[in-house]
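Dropping work-v7.pdb in here (PDB, C-alpha atoms, pLDDT in the B column):
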```pdb
ATOM      1  CA  MET E   1     106.389 121.458  92.732  1.00 47.00           C
ATOM      2  CA  ASP E   2     108.794 118.711  91.719  1.00 70.00           C
ATOM      3  CA  ILE E   3     109.720 116.279  94.496  1.00 83.00           C
ATOM      4  CA  ALA E   4     113.495 115.904  94.882  1.00 86.00           C
ATOM      5  CA  PHE E   5     113.422 112.332  96.239  1.00 95.00           C
ATOM      6  CA  LYS E   6     112.105 109.710  93.824  1.00 97.00           C
ATOM      7  CA  ILE E   7     111.627 105.987  94.177  1.00 98.00           C
ATOM      8  CA  TYR E   8     111.368 104.002  90.952  1.00 98.00           C
ATOM      9  CA  THR E   9     109.890 100.509  91.229  1.00 98.00           C
ATOM     10  CA  ASP E  10     109.229  97.569  88.943  1.00 97.00           C
ATOM     11  CA  GLY E  11     108.080  93.999  89.157  1.00 97.00           C
ATOM     12  CA  GLY E  12     107.505  91.249  86.670  1.00 96.00           C
ATOM     13  CA  CYS E  13     107.213  87.542  85.996  1.00 96.00           C
ATOM     14  CA  SER E  14     108.416  84.956  83.555  1.00 93.00           C
ATOM     15  CA  GLY E  15     104.978  83.530  82.978  1.00 91.00           C
ATOM     16  CA  ASN E  16     102.041  84.802  85.024  1.00 92.00           C
ATOM     17  CA  PRO E  17     102.055  83.091  87.427  1.00 95.00           C
ATOM     18  CA  GLY E  18     105.658  81.985  87.409  1.00 96.00           C
ATOM     19  CA  PRO E  19     109.066  83.006  88.712  1.00 97.00           C
ATOM     20  CA  GLY E  20     109.012  86.720  89.441  1.00 97.00           C
ATOM     21  CA  GLY E  21     111.300  89.556  90.372  1.00 98.00           C
ATOM     22  CA  TRP E  22     111.077  93.047  91.815  1.00 98.00           C
ATOM     23  CA  ALA E  23     113.411  96.027  92.060  1.00 98.00           C
ATOM     24  CA  TYR E  24     113.608  99.593  93.283  1.00 98.00           C
ATOM     25  CA  VAL E  25     115.970 102.520  92.790  1.00 98.00           C
ATOM     26  CA  MET E  26     115.945 105.559  95.098  1.00 97.00           C
ATOM     27  CA  VAL E  27     117.143 108.758  93.463  1.00 96.00           C
ATOM     28  CA  GLN E  28     117.909 112.109  95.104  1.00 94.00           C
ATOM     29  CA  GLN E  29     117.795 115.178  92.871  1.00 88.00           C
ATOM     30  CA  THR E  30     120.454 117.744  93.824  1.00 86.00           C
ATOM     31  CA  PHE E  31     121.832 120.875  92.212  1.00 87.00           C
ATOM     32  CA  GLN E  32     124.599 118.606  90.862  1.00 89.00           C
ATOM     33  CA  GLY E  33     122.132 116.227  89.224  1.00 89.00           C
ATOM     34  CA  SER E  34     120.605 112.871  90.102  1.00 92.00           C
ATOM     35  CA  GLN E  35     122.275 110.532  92.565  1.00 93.00           C
ATOM     36  CA  ILE E  36     121.247 106.935  93.308  1.00 95.00           C
ATOM     37  CA  ILE E  37     120.876 106.644  97.097  1.00 95.00           C
ATOM     38  CA  ALA E  38     119.847 102.979  97.271  1.00 97.00           C
ATOM     39  CA  LYS E  39     118.725 100.115  95.083  1.00 98.00           C
ATOM     40  CA  ASN E  40     117.746  96.515  95.621  1.00 98.00           C
ATOM     41  CA  LYS E  41     116.117  93.545  93.921  1.00 98.00           C
ATOM     42  CA  GLY E  42     114.664  90.182  94.808  1.00 98.00           C
ATOM     43  CA  ALA E  43     112.698  87.259  93.447  1.00 97.00           C
ATOM     44  CA  GLU E  44     110.110  84.603  94.253  1.00 97.00           C
ATOM     45  CA  LYS E  45     109.722  81.163  92.684  1.00 95.00           C
ATOM     46  CA  GLU E  46     105.968  81.288  92.040  1.00 96.00           C
ATOM     47  CA  THR E  47     104.129  84.600  91.950  1.00 97.00           C
ATOM     48  CA  THR E  48     102.320  87.062  89.684  1.00 98.00           C
ATOM     49  CA  ASN E  49     103.214  90.341  87.973  1.00 97.00           C
ATOM     50  CA  ASN E  50     100.925  92.330  90.253  1.00 98.00           C
ATOM     51  CA  ARG E  51     102.358  90.774  93.423  1.00 98.00           C
ATOM     52  CA  MET E  52     105.871  91.664  92.266  1.00 98.00           C
ATOM     53  CA  GLU E  53     104.843  95.249  91.418  1.00 98.00           C
ATOM     54  CA  LEU E  54     103.422  95.629  94.932  1.00 98.00           C
ATOM     55  CA  THR E  55     106.429  93.917  96.527  1.00 98.00           C
ATOM     56  CA  ALA E  56     108.818  96.352  94.841  1.00 98.00           C
ATOM     57  CA  VAL E  57     107.123  99.324  96.511  1.00 98.00           C
ATOM     58  CA  ILE E  58     106.810  97.513  99.849  1.00 98.00           C
ATOM     59  CA  MET E  59     110.513  96.663  99.892  1.00 98.00           C
ATOM     60  CA  ALA E  60     111.440 100.232  98.959  1.00 98.00           C
ATOM     61  CA  LEU E  61     109.322 101.694 101.763  1.00 97.00           C
ATOM     62  CA  ARG E  62     110.707  99.168 104.256  1.00 97.00           C
ATOM     63  CA  ALA E  63     114.210 100.266 103.312  1.00 96.00           C
ATOM     64  CA  LEU E  64     113.273 103.944 103.411  1.00 95.00           C
ATOM     65  CA  ARG E  65     111.776 103.536 106.872  1.00 94.00           C
ATOM     66  CA  VAL E  66     115.196 102.678 108.382  1.00 93.00           C
ATOM     67  CA  MET E  67     117.367 105.062 106.354  1.00 93.00           C
ATOM     68  CA  ASP E  68     118.783 108.142 108.039  1.00 90.00           C
ATOM     69  CA  GLY E  69     119.097 111.513 106.359  1.00 86.00           C
ATOM     70  CA  VAL E  70     116.581 110.968 103.583  1.00 85.00           C
ATOM     71  CA  PRO E  71     113.381 112.935 103.043  1.00 84.00           C
ATOM     72  CA  ARG E  72     110.062 111.608 104.328  1.00 87.00           C
ATOM     73  CA  GLN E  73     108.454 113.088 101.217  1.00 93.00           C
ATOM     74  CA  ALA E  74     108.928 111.113  98.015  1.00 96.00           C
ATOM     75  CA  ALA E  75     107.466 110.411  94.623  1.00 97.00           C
ATOM     76  CA  ILE E  76     106.852 106.748  93.840  1.00 98.00           C
ATOM     77  CA  LEU E  77     107.277 106.206  90.101  1.00 97.00           C
ATOM     78  CA  THR E  78     105.842 102.931  88.850  1.00 97.00           C
ATOM     79  CA  ASP E  79     104.976 101.585  85.431  1.00 96.00           C
ATOM     80  CA  SER E  80     102.120  99.671  87.063  1.00 97.00           C
ATOM     81  CA  GLN E  81      98.746 101.376  86.794  1.00 97.00           C
ATOM     82  CA  TYR E  82      97.533  98.661  89.174  1.00 97.00           C
ATOM     83  CA  VAL E  83      99.799 100.036  91.924  1.00 98.00           C
ATOM     84  CA  GLN E  84      99.366 103.716  91.062  1.00 98.00           C
ATOM     85  CA  LYS E  85      95.581 103.628  90.745  1.00 97.00           C
ATOM     86  CA  GLY E  86      95.285 101.207  93.650  1.00 97.00           C
ATOM     87  CA  MET E  87      96.943 103.689  96.000  1.00 98.00           C
ATOM     88  CA  THR E  88      95.367 106.865  94.599  1.00 97.00           C
ATOM     89  CA  GLU E  89      91.860 105.778  93.590  1.00 96.00           C
ATOM     90  CA  TRP E  90      90.776 102.303  94.618  1.00 96.00           C
ATOM     91  CA  ILE E  91      92.079 101.655  98.136  1.00 97.00           C
ATOM     92  CA  ARG E  92      89.688 104.033  99.903  1.00 95.00           C
ATOM     93  CA  THR E  93      86.701 102.283  98.322  1.00 95.00           C
ATOM     94  CA  TRP E  94      88.131  98.831  99.066  1.00 96.00           C
ATOM     95  CA  LYS E  95      88.478  99.745 102.744  1.00 96.00           C
ATOM     96  CA  ARG E  96      84.982 101.217 102.866  1.00 95.00           C
ATOM     97  CA  ASN E  97      83.600  98.047 101.211  1.00 95.00           C
ATOM     98  CA  SER E  98      85.403  95.609 103.547  1.00 96.00           C
ATOM     99  CA  TRP E  99      88.061  94.832 100.939  1.00 97.00           C
ATOM    100  CA  ARG E 100      85.602  94.035  98.186  1.00 96.00           C
ATOM    101  CA  THR E 101      85.753  95.359  94.633  1.00 92.00           C
ATOM    102  CA  SER E 102      82.909  97.180  92.885  1.00 89.00           C
ATOM    103  CA  ASP E 103      81.561  93.802  91.693  1.00 93.00           C
ATOM    104  CA  LYS E 104      81.604  92.538  95.319  1.00 94.00           C
ATOM    105  CA  THR E 105      84.495  90.084  94.840  1.00 96.00           C
ATOM    106  CA  PRO E 106      87.407  90.022  97.307  1.00 97.00           C
ATOM    107  CA  VAL E 107      90.308  92.335  96.448  1.00 97.00           C
ATOM    108  CA  LYS E 108      93.190  90.325  95.014  1.00 97.00           C
ATOM    109  CA  ASN E 109      96.517  90.586  96.860  1.00 98.00           C
ATOM    110  CA  LYS E 110      94.801  92.003  99.938  1.00 98.00           C
ATOM    111  CA  ASP E 111      97.743  90.914 102.119  1.00 98.00           C
ATOM    112  CA  LEU E 112     100.143  93.084 100.126  1.00 98.00           C
ATOM    113  CA  TRP E 113      97.728  96.021  99.856  1.00 98.00           C
ATOM    114  CA  LEU E 114      97.320  96.012 103.655  1.00 98.00           C
ATOM    115  CA  LEU E 115     101.089  95.953 104.129  1.00 98.00           C
ATOM    116  CA  LEU E 116     101.686  98.685 101.562  1.00 98.00           C
ATOM    117  CA  ASP E 117      98.986 100.862 103.102  1.00 97.00           C
ATOM    118  CA  SER E 118     100.487 100.462 106.586  1.00 97.00           C
ATOM    119  CA  LEU E 119     103.956 101.435 105.308  1.00 97.00           C
ATOM    120  CA  ALA E 120     102.749 104.350 103.187  1.00 97.00           C
ATOM    121  CA  ILE E 121     101.186 106.191 106.141  1.00 95.00           C
ATOM    122  CA  ASP E 122     104.693 106.928 107.483  1.00 92.00           C
ATOM    123  CA  PHE E 123     105.511 109.109 104.466  1.00 95.00           C
ATOM    124  CA  SER E 124     104.173 111.890 102.296  1.00 95.00           C
ATOM    125  CA  LEU E 125     104.008 110.107  98.947  1.00 97.00           C
ATOM    126  CA  LYS E 126     103.065 111.196  95.459  1.00 97.00           C
ATOM    127  CA  TRP E 127     102.118 108.231  93.259  1.00 97.00           C
ATOM    128  CA  GLU E 128     103.110 108.666  89.602  1.00 96.00           C
ATOM    129  CA  TRP E 129     102.664 106.334  86.666  1.00 97.00           C
ATOM    130  CA  VAL E 130     105.485 106.239  84.107  1.00 95.00           C
ATOM    131  CA  LYS E 131     105.321 104.491  80.773  1.00 91.00           C
ATOM    132  CA  GLY E 132     107.405 101.318  80.897  1.00 84.00           C
ATOM    133  CA  HIS E 133     110.087 100.565  78.314  1.00 81.00           C
ATOM    134  CA  ALA E 134     109.996 104.174  77.136  1.00 83.00           C
ATOM    135  CA  GLY E 135     113.581 105.252  77.809  1.00 83.00           C
ATOM    136  CA  ASN E 136     113.209 106.500  81.398  1.00 90.00           C
ATOM    137  CA  GLU E 137     116.692 105.804  82.795  1.00 94.00           C
ATOM    138  CA  TYR E 138     115.661 104.647  86.258  1.00 96.00           C
ATOM    139  CA  ASN E 139     112.571 102.738  85.150  1.00 96.00           C
ATOM    140  CA  GLU E 140     114.786 100.905  82.655  1.00 96.00           C
ATOM    141  CA  LEU E 141     117.315 100.181  85.426  1.00 97.00           C
ATOM    142  CA  CYS E 142     114.533  98.740  87.613  1.00 97.00           C
ATOM    143  CA  ASP E 143     113.333  96.602  84.714  1.00 97.00           C
ATOM    144  CA  ALA E 144     116.859  95.279  84.106  1.00 97.00           C
ATOM    145  CA  MET E 145     117.288  94.510  87.818  1.00 98.00           C
ATOM    146  CA  THR E 146     113.918  92.713  87.845  1.00 97.00           C
ATOM    147  CA  GLN E 147     114.975  90.582  84.884  1.00 97.00           C
ATOM    148  CA  GLU E 148     118.311  89.823  86.625  1.00 97.00           C
ATOM    149  CA  ALA E 149     116.458  88.694  89.761  1.00 97.00           C
ATOM    150  CA  ILE E 150     114.223  86.396  87.690  1.00 97.00           C
ATOM    151  CA  ALA E 151     117.268  84.958  85.902  1.00 96.00           C
ATOM    152  CA  GLU E 152     118.987  84.377  89.248  1.00 95.00           C
ATOM    153  CA  ILE E 153     116.038  82.524  90.748  1.00 94.00           C
ATOM    154  CA  ASN E 154     115.659  80.470  87.553  1.00 91.00           C
ATOM    155  CA  ALA E 155     119.367  79.582  87.729  1.00 89.00           C
ATOM    156  CA  ALA E 156     118.980  78.613  91.391  1.00 84.00           C
ATOM    157  CA  GLU E 157     116.090  76.314  90.446  1.00 77.00           C
ATOM    158  CA  ALA E 158     118.135  74.772  87.626  1.00 76.00           C
ATOM    159  CA  ASN E 159     121.175  74.211  89.896  1.00 74.00           C
ATOM    160  CA  PRO E 160     119.774  73.536  93.377  1.00 66.00           C
ATOM    161  CA  SER E 161     123.107  72.250  94.727  1.00 64.00           C
ATOM    162  CA  GLU E 162     124.812  75.622  94.232  1.00 56.00           C
ATOM    163  CA  PRO E 163     124.384  78.134  97.078  1.00 54.00           C
ATOM    164  CA  GLN E 164     122.558  81.276  95.959  1.00 52.00           C
ATOM    165  CA  VAL E 165     122.690  84.727  97.497  1.00 55.00           C
ATOM    166  CA  PHE E 166     119.942  87.195  96.600  1.00 54.00           C
TER     167      PHE E 166
END
```
Structure encoded using structure tokens:
Amino acid sequence: MDIAFKIYTDGGCSGNPGPGGWAYVMVQQTFQGSQIIAKNKGAEKETTNNRMELTAVIMALRALRVMDGVPRQAAILTDSQYVQKGMTEWIRTWKRNSWRTSDKTPVKNKDLWLLLDSLAIDFSLKWEWVKGHAGNEYNELCDAMTQEAIAEINAAEANPSEPQVF
């Protein structure tokens, strides 16, 4: 069964670590076609690709949590296998192993994984990986928004006297 409410997410960095951005687009499928319900983006001065991929989903679920009239069942579409596999395969083992990986090292980005896990329990979510930069309209939109957010934070760093709104 195809889920009618989809959340596309993306995150990235200019350098890794470096300035990074994240974005999400929420899309409702109706008999009239696809309709964007919400979208947002943001940036951080010094971060990593994986932290931005996780942040994109966290920010989307935070927004979804307070929205009225939207389904509590959604598909999360990400081009990050780190996020998709983390939520569908790895997280149960990490919890069982006290947040340690199979080689007994601490799980990276544990703070964000804990937050994402606590948000995800409020919804019925299907985690889907989509190939990035492959012509998927909403994945491409998320990527463009992520790049805009990175450009905006870079511009803010270059011109610190100018007020910036993100």
Sorted by chain and rising residue number, which residues of region 26-94 of chain E lie within 8 Å of region 126-145 of chain E, and what are their closest atom pairs and distances in Å to one decimal, counting only C-alpha atoms, as a tab-separated table?
```
residue	atom	partner	partner_atom	distance
E:Lys41	CA	E:Met145	CA	6.3
E:Ala74	CA	E:Lys126	CA	6.4
E:Ala75	CA	E:Lys126	CA	4.5
E:Ile76	CA	E:Trp127	CA	5.0
E:Leu77	CA	E:Glu128	CA	4.9
E:Thr78	CA	E:Trp129	CA	5.1
E:Asp79	CA	E:Val130	CA	4.9
E:Ser80	CA	E:Trp129	CA	6.7
E:Gln81	CA	E:Trp129	CA	6.3
E:Gln84	CA	E:Trp127	CA	5.7
E:Met87	CA	E:Trp127	CA	7.4
E:Thr88	CA	E:Trp127	CA	7.0
```
Got time to write the residues from that selection, C-alpha atoms, as a PDB file, keeping the file's coordinate frame?
```pdb
ATOM      1  CA  LYS E  41     116.117  93.545  93.921  1.00 98.00           C
ATOM      2  CA  ALA E  74     108.928 111.113  98.015  1.00 96.00           C
ATOM      3  CA  ALA E  75     107.466 110.411  94.623  1.00 97.00           C
ATOM      4  CA  ILE E  76     106.852 106.748  93.840  1.00 98.00           C
ATOM      5  CA  LEU E  77     107.277 106.206  90.101  1.00 97.00           C
ATOM      6  CA  THR E  78     105.842 102.931  88.850  1.00 97.00           C
ATOM      7  CA  ASP E  79     104.976 101.585  85.431  1.00 96.00           C
ATOM      8  CA  SER E  80     102.120  99.671  87.063  1.00 97.00           C
ATOM      9  CA  GLN E  81      98.746 101.376  86.794  1.00 97.00           C
ATOM     10  CA  GLN E  84      99.366 103.716  91.062  1.00 98.00           C
ATOM     11  CA  MET E  87      96.943 103.689  96.000  1.00 98.00           C
ATOM     12  CA  THR E  88      95.367 106.865  94.599  1.00 97.00           C
TER      13      THR E  88
END
```
Centre and edge lengths of an axis-aligned box around all listed atoms of region 78-87 of chain E, with 5 Å added on each side, are to be given in Å to one decimal, as AutoDock Vina command-line options.
```
--center_x 100.6 --center_y 101.2 --center_z 90.7 --size_x 20.6 --size_y 15.1 --size_z 20.6
```
Can I get the residues of region 91-160 of chain E within 10 Å of region 45-65 of chain E, each with the closest pair of atoms and their distance in Å to one decimal, using all atoms listed in the file, sorted chain first then ascending number, as CSV?
```
residue,atom,partner,partner_atom,distance
E:Lys108,CA,E:Asn50,CA,9.3
E:Asn109,CA,E:Arg51,CA,6.8
E:Asp111,CA,E:Arg51,CA,9.8
E:Leu112,CA,E:Leu54,CA,6.6
E:Trp113,CA,E:Leu54,CA,7.5
E:Leu115,CA,E:Ile58,CA,7.3
E:Leu116,CA,E:Ile58,CA,5.5
E:Asp117,CA,E:Ile58,CA,9.1
E:Ser118,CA,E:Ile58,CA,9.7
E:Leu119,CA,E:Leu61,CA,6.4
E:Ala120,CA,E:Leu61,CA,7.2
E:Asp122,CA,E:Arg65,CA,7.9
E:Phe123,CA,E:Arg65,CA,8.7
E:Cys142,CA,E:Ala56,CA,9.5
E:Thr146,CA,E:Met52,CA,9.2
E:Ile150,CA,E:Lys45,CA,8.5
E:Ile153,CA,E:Lys45,CA,6.7
E:Asn154,CA,E:Lys45,CA,7.9
E:Ala156,CA,E:Lys45,CA,9.7
E:Glu157,CA,E:Lys45,CA,8.3
```
| request: Name the closest residue to Gly69 (chain E) among the candidates E:Ser124, E:Ser14, E:Gln28, E:Thr93; distances are taken between atoms, counting only C-alpha atoms. | output: E:Gln28
Per residue of region 31-54 of chain E within 10 Å of region 3-6 of chain E, note the shortest atom pair and the distance in Å to one decimal, counting only C-alpha atoms, and order the rows by chain and increasing residue number, as a tab-separated table.
```
residue	atom	partner	partner_atom	distance
E:Ser34	CA	E:Ala4	CA	9.1
E:Gln35	CA	E:Phe5	CA	9.8
E:Ile36	CA	E:Lys6	CA	9.6
E:Ile37	CA	E:Phe5	CA	9.4
```
| field | For Trp99 (chain E): contacts at 12 Å, all atoms listed in the file, fewer than 3 positions along chain excluded, given as a ChimeraX atom specification | value | /E:90-96,102-111,113-114
| field | Explicit residues for the PyMOL selection byres ((chain E and resi 20) around 6) (as an MDAnalysis selection string) | value | chainID E and resid 12:13 19 21 43:44 47 150
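Interatomic distance, CA of Thr9 (chain E) against CA of Thr30 (chain E): 20.4 Å.
Of note, CA of Asn40 (chain E) and CA of Glu89 (chain E) are spaced 27.6 Å apart.
Separating CA of Gln29 (chain E) from CA of Gly11 (chain E) is a distance of 23.6 Å.
Considering all atoms listed in the file, the residue among E:Met26, E:Val83, E:Ala149, E:Ala158 positioned nearest to Met67 (chain E) is E:Met26.
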